[in-house]
Amino acid sequence: MKTADCLNHMAPYLFAQIDKKRNALKEQGIDVISLGIGDPDMPTPAHIVDAMKTALDKPENHQYPDYSGSLAYRSACAQWMKNRFGVDLDPKTEVLGLIGSKEGIAHLHTAFVNPGDWVLAPSIGYPVYSGGATLQSAETYFMPMRAEQGFLADFDNIPEEVLSRAKIMFLGYPNNPTGALATEEYFDKAIDFCIEHDILLAHDNAYSEICFDGYLAPSILERPRARECCIEFFSLSKAYNMTGWRIAFACGNAEAVAALGTVKNNLDSGQFNAIQDAAITALTAPQTCISEMCALYQRRRDLVVDALRAIGMECIAPKATIYIWTRVPEGETSESFATRLLEKAHVIVTPGSGYGPDGEGFIRISLTTPDDRLLEAVRRIKENM
Ligand code: MLT
């Protein structure tokens with residue numbers, strides 16, 4: 001049997017690899033603390049689960065869903081964008097339901113990228129940006145992303161031969177994994193650049209709702225010319241503790257939304273209507289569950305940042321996301337340190353190198369673990385430094 005050539009260039013998915021290692025230790029009866037994947041430990045809020053129970057009893061929900069997402073779901077997404085960011089969207093042409101934003105981001109490549117084209121991905125970023133390019137037999141150009149520049153991906157020096165075949169630029173702020181934030185000026189510069197070079201700007205806003213210290217993350221669609229070149233991805237996974245439900249939406253430039261919709265309606269049949277109904281409740285009910293969650297993560301952030309600093313690991317306290325991004329000790333690589341922590345401390349962290357070239361020298365710690373386990377993990381890390 002011969003698989004497609006692109007699979008030969010495809011690295012195993014970062015978190016699938018980590019899961020394998022964790023399961024091997026667990027099978028030996030070892031108590032492993034996972035600070036790896038960003039998978040909220042708190043349950044989905046009860047009012048959303050209740051909405052799902054009601055939706056399950058409706059026979060019409062048992063049939064094929066609308067390919068683009070139900071109009072009710074897309075309208076709720078549009079209304080949420082209006083309430084949260086002041087952005088007006090036409091739910092019929094500018095919003096598309098997704099089976100999780102990972103799915104939408106991966107399929108965006110199918111809609112826009114031909115073999116031999118280039119995708120511009122941050123040099124530290126969600127692995128699906130470059131993985132999707134590989135699956136299209138396209139190339140990834142990693143835009144440098146350095147601490148000294150506040151982890152803002154640098155698109156100033158992209159070679160002409162790359163630029164002339166670049167189809168999508170991916171950005172994501174609040175940033176996974178660094179926790180960095182973008183300024184309005186940076187978004188405007190990226191938008192102008194993408195319009196000038198006829199590139200689709202895909203903004204991954206999966207962490208917009210997890211903000212601390214009074215910060216409130218923007219949508220790139222708030223920027224004046226964004227509608228000309230931007231598609232933005234929102235996920236209910238982190239905002240409403242709904243990772244397992246696989247529900248998200250894409251919105252923005254109508255042409256991009258339509259192209260992604262064409263790929264999707266040929267590949268999938270939409271998310272289960274009952275899940276879309278529950279998501280409508282999540283988006284339209286009072287948003288107090290989000291402020292409660294932000295308070296919880298902010299407390300955990302402070303706990304972990306203080307504990308890491310106390311053991312000599314320098315890190316910045318992020319103003320958003322559920323992650324702490326920290327340098328590995330002198331003499332270690334991302335991979336060697338993550339492996340040492342896994343094997344000796346039985347603590348899973350994500351090696352920064354898994355996010356791209358500039359992630360080398362860092363690890364990511366996820367705050368989606370109860371406080372006592374987080375502190376226990378830091379204690380174990382200290383013992384194994
Ligand atoms: C993460 O931990 O970065 C994400 O939750 C992983 C994913 O969405 O696949």
# chains A, B, ... in the order shown; residues from 1 in each chain; ligands from 1
>>> residues_near_ligand(ligand="ligand 1", cutoff="8 Å", atoms="only C-alpha atoms and all ligand atoms", output="list in words")
Phe15, Gly36, Ile37, Gly38, Asp39, Ser101, Lys102, Tyr126, Asn176, Pro177, Thr243 and Ser366 of chain A
>>> write_last_selection(atoms="all heavy atoms", output="compact mmCIF listing (two decimals), in the first residue's frame")
# COMPACT_ATOMS: atom_id res chain seq x y z
N PHE A 15 0.25 16.75 19.84
CA PHE A 15 -0.43 16.28 21.05
C PHE A 15 -0.76 14.79 20.99
O PHE A 15 -0.94 14.15 22.03
CB PHE A 15 -1.67 17.14 21.34
CG PHE A 15 -1.28 18.53 21.73
CD1 PHE A 15 -1.43 19.58 20.84
CD2 PHE A 15 -0.71 18.79 22.96
CE1 PHE A 15 -1.04 20.87 21.17
CE2 PHE A 15 -0.31 20.07 23.31
CZ PHE A 15 -0.47 21.11 22.41
N GLY A 36 0.14 19.62 29.46
CA GLY A 36 0.39 19.63 28.02
C GLY A 36 -0.72 20.32 27.26
O GLY A 36 -0.74 21.55 27.14
N ILE A 37 -1.66 19.54 26.77
CA ILE A 37 -2.71 20.11 25.93
C ILE A 37 -3.58 21.11 26.70
O ILE A 37 -3.79 20.95 27.92
CB ILE A 37 -3.56 18.99 25.30
CG1 ILE A 37 -4.39 19.52 24.14
CG2 ILE A 37 -4.44 18.29 26.35
CD1 ILE A 37 -4.87 18.45 23.18
N GLY A 38 -4.08 22.11 26.01
CA GLY A 38 -4.96 23.09 26.64
C GLY A 38 -6.39 22.59 26.62
O GLY A 38 -7.18 23.00 25.77
N ASP A 39 -6.70 21.73 27.57
CA ASP A 39 -8.03 21.11 27.59
C ASP A 39 -8.66 21.38 28.96
O ASP A 39 -8.30 20.74 29.95
CB ASP A 39 -7.87 19.59 27.36
CG ASP A 39 -9.20 18.93 27.05
OD1 ASP A 39 -10.23 19.62 27.05
OD2 ASP A 39 -9.20 17.70 26.85
N SER A 101 -12.42 24.71 15.46
CA SER A 101 -11.66 25.59 14.57
C SER A 101 -10.46 24.88 13.96
O SER A 101 -9.98 25.27 12.90
CB SER A 101 -11.26 26.90 15.25
OG SER A 101 -10.51 26.67 16.38
N LYS A 102 -9.99 23.79 14.57
CA LYS A 102 -8.89 23.01 13.97
C LYS A 102 -9.30 22.53 12.58
O LYS A 102 -8.54 22.64 11.61
CB LYS A 102 -8.56 21.82 14.87
CG LYS A 102 -7.42 20.97 14.38
CD LYS A 102 -7.20 19.80 15.33
CE LYS A 102 -5.97 18.99 14.97
NZ LYS A 102 -5.79 17.87 15.90
N TYR A 126 0.39 27.39 16.25
CA TYR A 126 -0.45 26.18 16.26
C TYR A 126 0.01 25.27 15.10
O TYR A 126 0.06 25.73 13.94
CB TYR A 126 -1.89 26.65 16.08
CG TYR A 126 -2.97 25.62 16.27
CD1 TYR A 126 -2.91 24.68 17.29
CD2 TYR A 126 -4.08 25.61 15.43
CE1 TYR A 126 -3.92 23.75 17.47
CE2 TYR A 126 -5.10 24.69 15.60
CZ TYR A 126 -5.02 23.76 16.62
OH TYR A 126 -6.02 22.85 16.79
N ASN A 176 -1.30 31.61 21.10
CA ASN A 176 -0.95 30.28 21.57
C ASN A 176 0.32 29.90 20.82
O ASN A 176 0.30 29.90 19.58
CB ASN A 176 -2.07 29.29 21.21
CG ASN A 176 -1.66 27.84 21.43
OD1 ASN A 176 -0.79 27.56 22.25
ND2 ASN A 176 -2.29 26.93 20.70
N PRO A 177 1.42 29.62 21.46
CA PRO A 177 1.59 29.34 22.88
C PRO A 177 2.19 30.45 23.73
O PRO A 177 2.30 30.29 24.94
CB PRO A 177 2.58 28.17 22.85
CG PRO A 177 3.48 28.53 21.70
CD PRO A 177 2.60 29.20 20.67
N THR A 243 -14.30 21.80 24.64
CA THR A 243 -13.33 21.20 23.70
C THR A 243 -13.87 19.94 23.03
O THR A 243 -13.68 19.72 21.85
CB THR A 243 -11.99 20.87 24.40
OG1 THR A 243 -12.29 20.22 25.62
CG2 THR A 243 -11.18 22.11 24.67
N SER A 366 0.34 24.40 30.40
CA SER A 366 -1.09 24.70 30.31
C SER A 366 -1.68 24.81 31.72
O SER A 366 -1.33 24.03 32.62
CB SER A 366 -1.77 23.58 29.52
OG SER A 366 -3.16 23.70 29.66
>>> select_by_dssp(residues="region 329-360 of chain A", states="helix (DSSP H, G or I)", output="ChimeraX atom specification")
/A:334-345,352-355,357-359
>>> write_last_selection(atoms="C-alpha atoms", output="PDB file, in the first residue's frame")
ATOM      1  CA  SER A 334      12.939  22.157  24.539  1.00  0.00           C
ATOM      2  CA  GLU A 335      12.776  18.463  23.787  1.00  0.00           C
ATOM      3  CA  SER A 336      15.455  17.347  26.278  1.00  0.00           C
ATOM      4  CA  PHE A 337      13.860  19.344  29.095  1.00  0.00           C
ATOM      5  CA  ALA A 338      10.314  18.179  28.305  1.00  0.00           C
ATOM      6  CA  THR A 339      11.562  14.579  28.124  1.00  0.00           C
ATOM      7  CA  ARG A 340      13.426  14.930  31.416  1.00  0.00           C
ATOM      8  CA  LEU A 341      10.322  16.319  33.109  1.00  0.00           C
ATOM      9  CA  LEU A 342       8.204  13.516  31.716  1.00  0.00           C
ATOM     10  CA  GLU A 343      10.577  10.709  32.623  1.00  0.00           C
ATOM     11  CA  LYS A 344      11.880  11.988  35.972  1.00  0.00           C
ATOM     12  CA  ALA A 345       9.100  14.234  37.311  1.00  0.00           C
ATOM     13  CA  GLY A 352       8.350  24.819  22.404  1.00  0.00           C
ATOM     14  CA  SER A 353      10.070  23.340  19.345  1.00  0.00           C
ATOM     15  CA  GLY A 354       6.807  21.547  18.545  1.00  0.00           C
ATOM     16  CA  TYR A 355       5.357  24.963  17.588  1.00  0.00           C
ATOM     17  CA  PRO A 357      11.683  26.815  14.751  1.00  0.00           C
ATOM     18  CA  ASP A 358      11.591  29.851  17.062  1.00  0.00           C
ATOM     19  CA  GLY A 359       9.918  27.788  19.779  1.00  0.00           C
TER      20      GLY A 359
END
>>> closest_residue(among="A:Asp41, A:Glu148, A:Glu196, A:Glu209", to="Phe85 (chain A)", atoms="only C-alpha atoms")
A:Glu209
>>> residues_around(residues="region 287-302 of chain A", least_positions_apart="5", cutoff="10 Å", atoms="only C-alpha atoms", output="JSON, numbers by chain")
{"A": [40, 42, 44, 45, 46, 47, 209, 210, 211, 212, 213, 238, 239, 240, 241, 282, 307, 308, 317, 318, 319, 320, 321, 322, 323, 324, 365, 366, 367, 368, 369, 370, 371, 372, 374, 375]}
>>> select_by_dssp(residues="region 130-310 of chain A", states="strand (DSSP E or B)", output="list of chain:residue names")
A:Glu139, A:Thr140, A:Tyr141, A:Phe142, A:Met143, A:Ala166, A:Lys167, A:Ile168, A:Met169, A:Phe170, A:Leu171, A:Leu200, A:Leu201, A:Ala202, A:His203, A:Asp204, A:Cys211, A:Cys230, A:Ile231, A:Glu232, A:Phe233, A:Phe234, A:Ser235, A:Ala248, A:Phe249, A:Ala250, A:Cys251, A:Gly252
>>> closest_atom_pairs(of="region 61-133 of chain A", to="region 270-276 of chain A", cutoff="10 Å", atoms="only C-alpha atoms", output="CSV")
residue,atom,partner,partner_atom,distance
A:Asn61,CA,A:Asn273,CA,5.1
A:His62,CA,A:Asn273,CA,7.3
A:Gln63,CA,A:Asn273,CA,8.1
A:Tyr64,CA,A:Phe272,CA,7.6
A:Pro65,CA,A:Asn273,CA,5.6
A:Asp66,CA,A:Gly270,CA,6.3
A:Tyr67,CA,A:Gly270,CA,5.0
A:Ser68,CA,A:Gly270,CA,6.7
A:Gly69,CA,A:Gly270,CA,6.2
A:Ser70,CA,A:Asn273,CA,7.5
A:Ala72,CA,A:Gln276,CA,8.6
A:Tyr73,CA,A:Gln276,CA,6.0
A:Arg74,CA,A:Gln276,CA,9.2
A:Ala76,CA,A:Gln276,CA,9.9
A:Leu96,CA,A:Gly270,CA,10.0
A:Gly97,CA,A:Gly270,CA,7.4
A:Leu98,CA,A:Gln271,CA,7.0
A:Ile99,CA,A:Gln271,CA,5.6
A:Gly100,CA,A:Gln271,CA,9.0
>>> write_last_selection(atoms="all heavy atoms", output="compact mmCIF listing (two decimals), in the first residue's frame")
# COMPACT_ATOMS: atom_id res chain seq x y z
N ASN A 61 -33.65 17.61 15.05
CA ASN A 61 -32.20 17.72 15.25
C ASN A 61 -31.47 16.44 14.87
O ASN A 61 -30.24 16.41 14.86
CB ASN A 61 -31.88 18.07 16.71
CG ASN A 61 -32.02 19.56 16.96
OD1 ASN A 61 -32.08 20.35 16.02
ND2 ASN A 61 -32.08 19.95 18.23
N HIS A 62 -32.23 15.36 14.63
CA HIS A 62 -31.57 14.08 14.35
C HIS A 62 -31.26 13.91 12.87
O HIS A 62 -30.64 12.93 12.47
CB HIS A 62 -32.46 12.92 14.83
CG HIS A 62 -32.82 13.02 16.28
ND1 HIS A 62 -33.78 12.24 16.88
CD2 HIS A 62 -32.36 13.85 17.27
CE1 HIS A 62 -33.89 12.56 18.16
NE2 HIS A 62 -33.04 13.55 18.41
N GLN A 63 -31.71 14.87 12.07
CA GLN A 63 -31.47 14.78 10.62
C GLN A 63 -30.19 15.53 10.25
O GLN A 63 -29.55 16.15 11.10
CB GLN A 63 -32.68 15.37 9.90
CG GLN A 63 -33.93 14.54 10.14
CD GLN A 63 -35.11 15.04 9.33
OE1 GLN A 63 -35.73 16.04 9.69
NE2 GLN A 63 -35.39 14.36 8.24
N TYR A 64 -29.83 15.43 8.97
CA TYR A 64 -28.64 16.15 8.52
C TYR A 64 -28.75 17.63 8.90
O TYR A 64 -29.79 18.26 8.69
CB TYR A 64 -28.51 16.10 7.00
CG TYR A 64 -27.97 14.79 6.46
CD1 TYR A 64 -28.68 14.09 5.48
CD2 TYR A 64 -26.76 14.29 6.89
CE1 TYR A 64 -28.17 12.90 4.96
CE2 TYR A 64 -26.25 13.10 6.37
CZ TYR A 64 -26.95 12.42 5.41
OH TYR A 64 -26.46 11.26 4.89
N PRO A 65 -27.66 18.18 9.39
CA PRO A 65 -27.66 19.63 9.64
C PRO A 65 -27.48 20.41 8.33
O PRO A 65 -27.13 19.82 7.31
CB PRO A 65 -26.44 19.83 10.54
CG PRO A 65 -25.71 18.54 10.61
CD PRO A 65 -26.40 17.52 9.79
N ASP A 66 -27.67 21.74 8.39
CA ASP A 66 -27.31 22.60 7.24
C ASP A 66 -25.80 22.54 7.07
O ASP A 66 -25.06 22.57 8.04
CB ASP A 66 -27.67 24.07 7.55
CG ASP A 66 -29.14 24.34 7.35
OD1 ASP A 66 -29.85 23.43 6.90
OD2 ASP A 66 -29.56 25.48 7.66
N TYR A 67 -25.36 22.53 5.82
CA TYR A 67 -23.92 22.41 5.57
C TYR A 67 -23.12 23.57 6.17
O TYR A 67 -22.01 23.40 6.65
CB TYR A 67 -23.65 22.34 4.06
CG TYR A 67 -24.08 21.03 3.47
CD1 TYR A 67 -25.24 20.93 2.71
CD2 TYR A 67 -23.34 19.88 3.70
CE1 TYR A 67 -25.65 19.72 2.18
CE2 TYR A 67 -23.74 18.65 3.17
CZ TYR A 67 -24.90 18.58 2.41
OH TYR A 67 -25.30 17.38 1.90
N SER A 68 -23.70 24.75 6.14
CA SER A 68 -22.95 25.93 6.62
C SER A 68 -23.14 26.20 8.10
O SER A 68 -22.61 27.17 8.63
CB SER A 68 -23.42 27.18 5.86
OG SER A 68 -23.31 26.96 4.49
N GLY A 69 -23.92 25.35 8.76
CA GLY A 69 -24.35 25.65 10.12
C GLY A 69 -25.77 26.18 10.03
O GLY A 69 -26.12 26.85 9.04
N SER A 70 -26.60 25.88 11.04
CA SER A 70 -27.99 26.37 10.97
C SER A 70 -27.97 27.90 10.94
O SER A 70 -27.07 28.53 11.51
CB SER A 70 -28.78 25.87 12.18
OG SER A 70 -28.38 26.55 13.35
N ALA A 72 -29.86 29.72 12.55
CA ALA A 72 -29.99 30.19 13.94
C ALA A 72 -28.61 30.24 14.60
O ALA A 72 -28.29 31.20 15.32
CB ALA A 72 -30.92 29.25 14.70
N TYR A 73 -27.78 29.22 14.34
CA TYR A 73 -26.43 29.22 14.94
C TYR A 73 -25.59 30.36 14.36
O TYR A 73 -24.96 31.12 15.08
CB TYR A 73 -25.75 27.86 14.72
CG TYR A 73 -24.31 27.85 15.18
CD1 TYR A 73 -23.97 28.18 16.49
CD2 TYR A 73 -23.26 27.53 14.30
CE1 TYR A 73 -22.65 28.19 16.92
CE2 TYR A 73 -21.93 27.54 14.72
CZ TYR A 73 -21.64 27.87 16.03
OH TYR A 73 -20.33 27.90 16.45
N ARG A 74 -25.63 30.49 13.03
CA ARG A 74 -24.82 31.55 12.41
C ARG A 74 -25.29 32.94 12.86
O ARG A 74 -24.48 33.85 13.04
CB ARG A 74 -24.86 31.42 10.88
CG ARG A 74 -23.95 30.28 10.40
CD ARG A 74 -23.99 30.12 8.91
NE ARG A 74 -25.23 29.51 8.48
CZ ARG A 74 -25.85 29.76 7.34
NH1 ARG A 74 -25.36 30.66 6.51
NH2 ARG A 74 -26.97 29.14 7.01
N ALA A 76 -26.62 33.59 15.77
CA ALA A 76 -26.14 33.77 17.16
C ALA A 76 -24.65 34.15 17.14
O ALA A 76 -24.21 35.00 17.94
CB ALA A 76 -26.35 32.49 17.96
N LEU A 96 -19.62 31.05 9.01
CA LEU A 96 -19.69 29.63 8.64
C LEU A 96 -19.49 28.78 9.90
O LEU A 96 -18.52 28.98 10.63
CB LEU A 96 -18.57 29.32 7.63
CG LEU A 96 -18.45 27.88 7.13
CD1 LEU A 96 -19.64 27.53 6.22
CD2 LEU A 96 -17.13 27.71 6.36
N GLY A 97 -20.40 27.84 10.13
CA GLY A 97 -20.25 26.92 11.28
C GLY A 97 -19.13 25.93 11.01
O GLY A 97 -18.92 25.50 9.88
N LEU A 98 -18.39 25.59 12.07
CA LEU A 98 -17.26 24.66 11.94
C LEU A 98 -17.37 23.54 12.97
O LEU A 98 -17.97 23.72 14.04
CB LEU A 98 -15.93 25.38 12.18
CG LEU A 98 -15.56 26.53 11.24
CD1 LEU A 98 -14.28 27.20 11.73
CD2 LEU A 98 -15.40 26.02 9.81
N ILE A 99 -16.75 22.42 12.65
CA ILE A 99 -16.69 21.30 13.60
C ILE A 99 -15.39 21.45 14.40
O ILE A 99 -14.46 20.64 14.31
CB ILE A 99 -16.77 19.95 12.83
CG1 ILE A 99 -17.98 19.95 11.89
CG2 ILE A 99 -16.85 18.78 13.79
CD1 ILE A 99 -18.05 18.74 10.96
N GLY A 100 -15.28 22.54 15.11
CA GLY A 100 -14.05 22.91 15.81
C GLY A 100 -13.19 23.76 14.89
O GLY A 100 -13.21 23.59 13.67
>>> residues_around(residues="Glu314 (chain A)", least_positions_apart="4", cutoff="8 Å", atoms="only C-alpha atoms", output="count of residues only")
4
>>> atom_distance(atom1="CA of Glu160 (chain A)", atom2="CA of His197 (chain A)")
10.5 Å
>>> atom_distance(atom1="CA of Tyr173 (chain A)", atom2="CA of Asp204 (chain A)")
7.1 Å
>>> atom_distance(atom1="CA of Pro329 (chain A)", atom2="CA of Ile18 (chain A)")
21.0 Å
>>> closest_residue(among="A:Leu260, A:Ala153, A:Cys6, A:Ala278", to="Ile247 (chain A)", atoms="only C-alpha atoms")
A:Ala278
>>> residues_around(residues="Asp88 (chain A)", least_positions_apart="6", cutoff="10 Å", atoms="only C-alpha atoms", output="PyMOL selection string")
chain A and resi 78-82+94+221-222+252
>>> write_last_selection(atoms="N, CA and C atoms", output="PDB file, in the first residue's frame")
ATOM      1  N   ALA A  78     -23.135  35.792  14.729  1.00  0.00           N
ATOM      2  CA  ALA A  78     -23.063  37.182  14.253  1.00  0.00           C
ATOM      3  C   ALA A  78     -23.446  38.151  15.373  1.00  0.00           C
ATOM      4  N   GLN A  79     -24.489  37.806  16.122  1.00  0.00           N
ATOM      5  CA  GLN A  79     -24.930  38.672  17.216  1.00  0.00           C
ATOM      6  C   GLN A  79     -23.864  38.757  18.307  1.00  0.00           C
ATOM      7  N   TRP A  80     -23.220  37.608  18.566  1.00  0.00           N
ATOM      8  CA  TRP A  80     -22.145  37.576  19.572  1.00  0.00           C
ATOM      9  C   TRP A  80     -20.984  38.483  19.134  1.00  0.00           C
ATOM     10  N   MET A  81     -20.657  38.430  17.848  1.00  0.00           N
ATOM     11  CA  MET A  81     -19.580  39.288  17.325  1.00  0.00           C
ATOM     12  C   MET A  81     -19.946  40.768  17.460  1.00  0.00           C
ATOM     13  N   LYS A  82     -21.223  41.056  17.274  1.00  0.00           N
ATOM     14  CA  LYS A  82     -21.699  42.442  17.395  1.00  0.00           C
ATOM     15  C   LYS A  82     -21.604  42.898  18.863  1.00  0.00           C
ATOM     16  N   GLU A  94     -21.292  35.796   5.721  1.00  0.00           N
ATOM     17  CA  GLU A  94     -20.018  36.132   6.371  1.00  0.00           C
ATOM     18  C   GLU A  94     -19.731  35.279   7.607  1.00  0.00           C
ATOM     19  N   LEU A 221     -11.345  41.809  12.943  1.00  0.00           N
ATOM     20  CA  LEU A 221     -12.389  42.374  12.080  1.00  0.00           C
ATOM     21  C   LEU A 221     -12.826  43.773  12.524  1.00  0.00           C
ATOM     22  N   GLU A 222     -12.367  44.183  13.698  1.00  0.00           N
ATOM     23  CA  GLU A 222     -12.638  45.566  14.128  1.00  0.00           C
ATOM     24  C   GLU A 222     -11.821  46.569  13.301  1.00  0.00           C
ATOM     25  N   GLY A 252     -15.982  36.700   8.461  1.00  0.00           N
ATOM     26  CA  GLY A 252     -15.203  37.756   7.832  1.00  0.00           C
ATOM     27  C   GLY A 252     -15.448  37.810   6.343  1.00  0.00           C
TER      28      GLY A 252
END
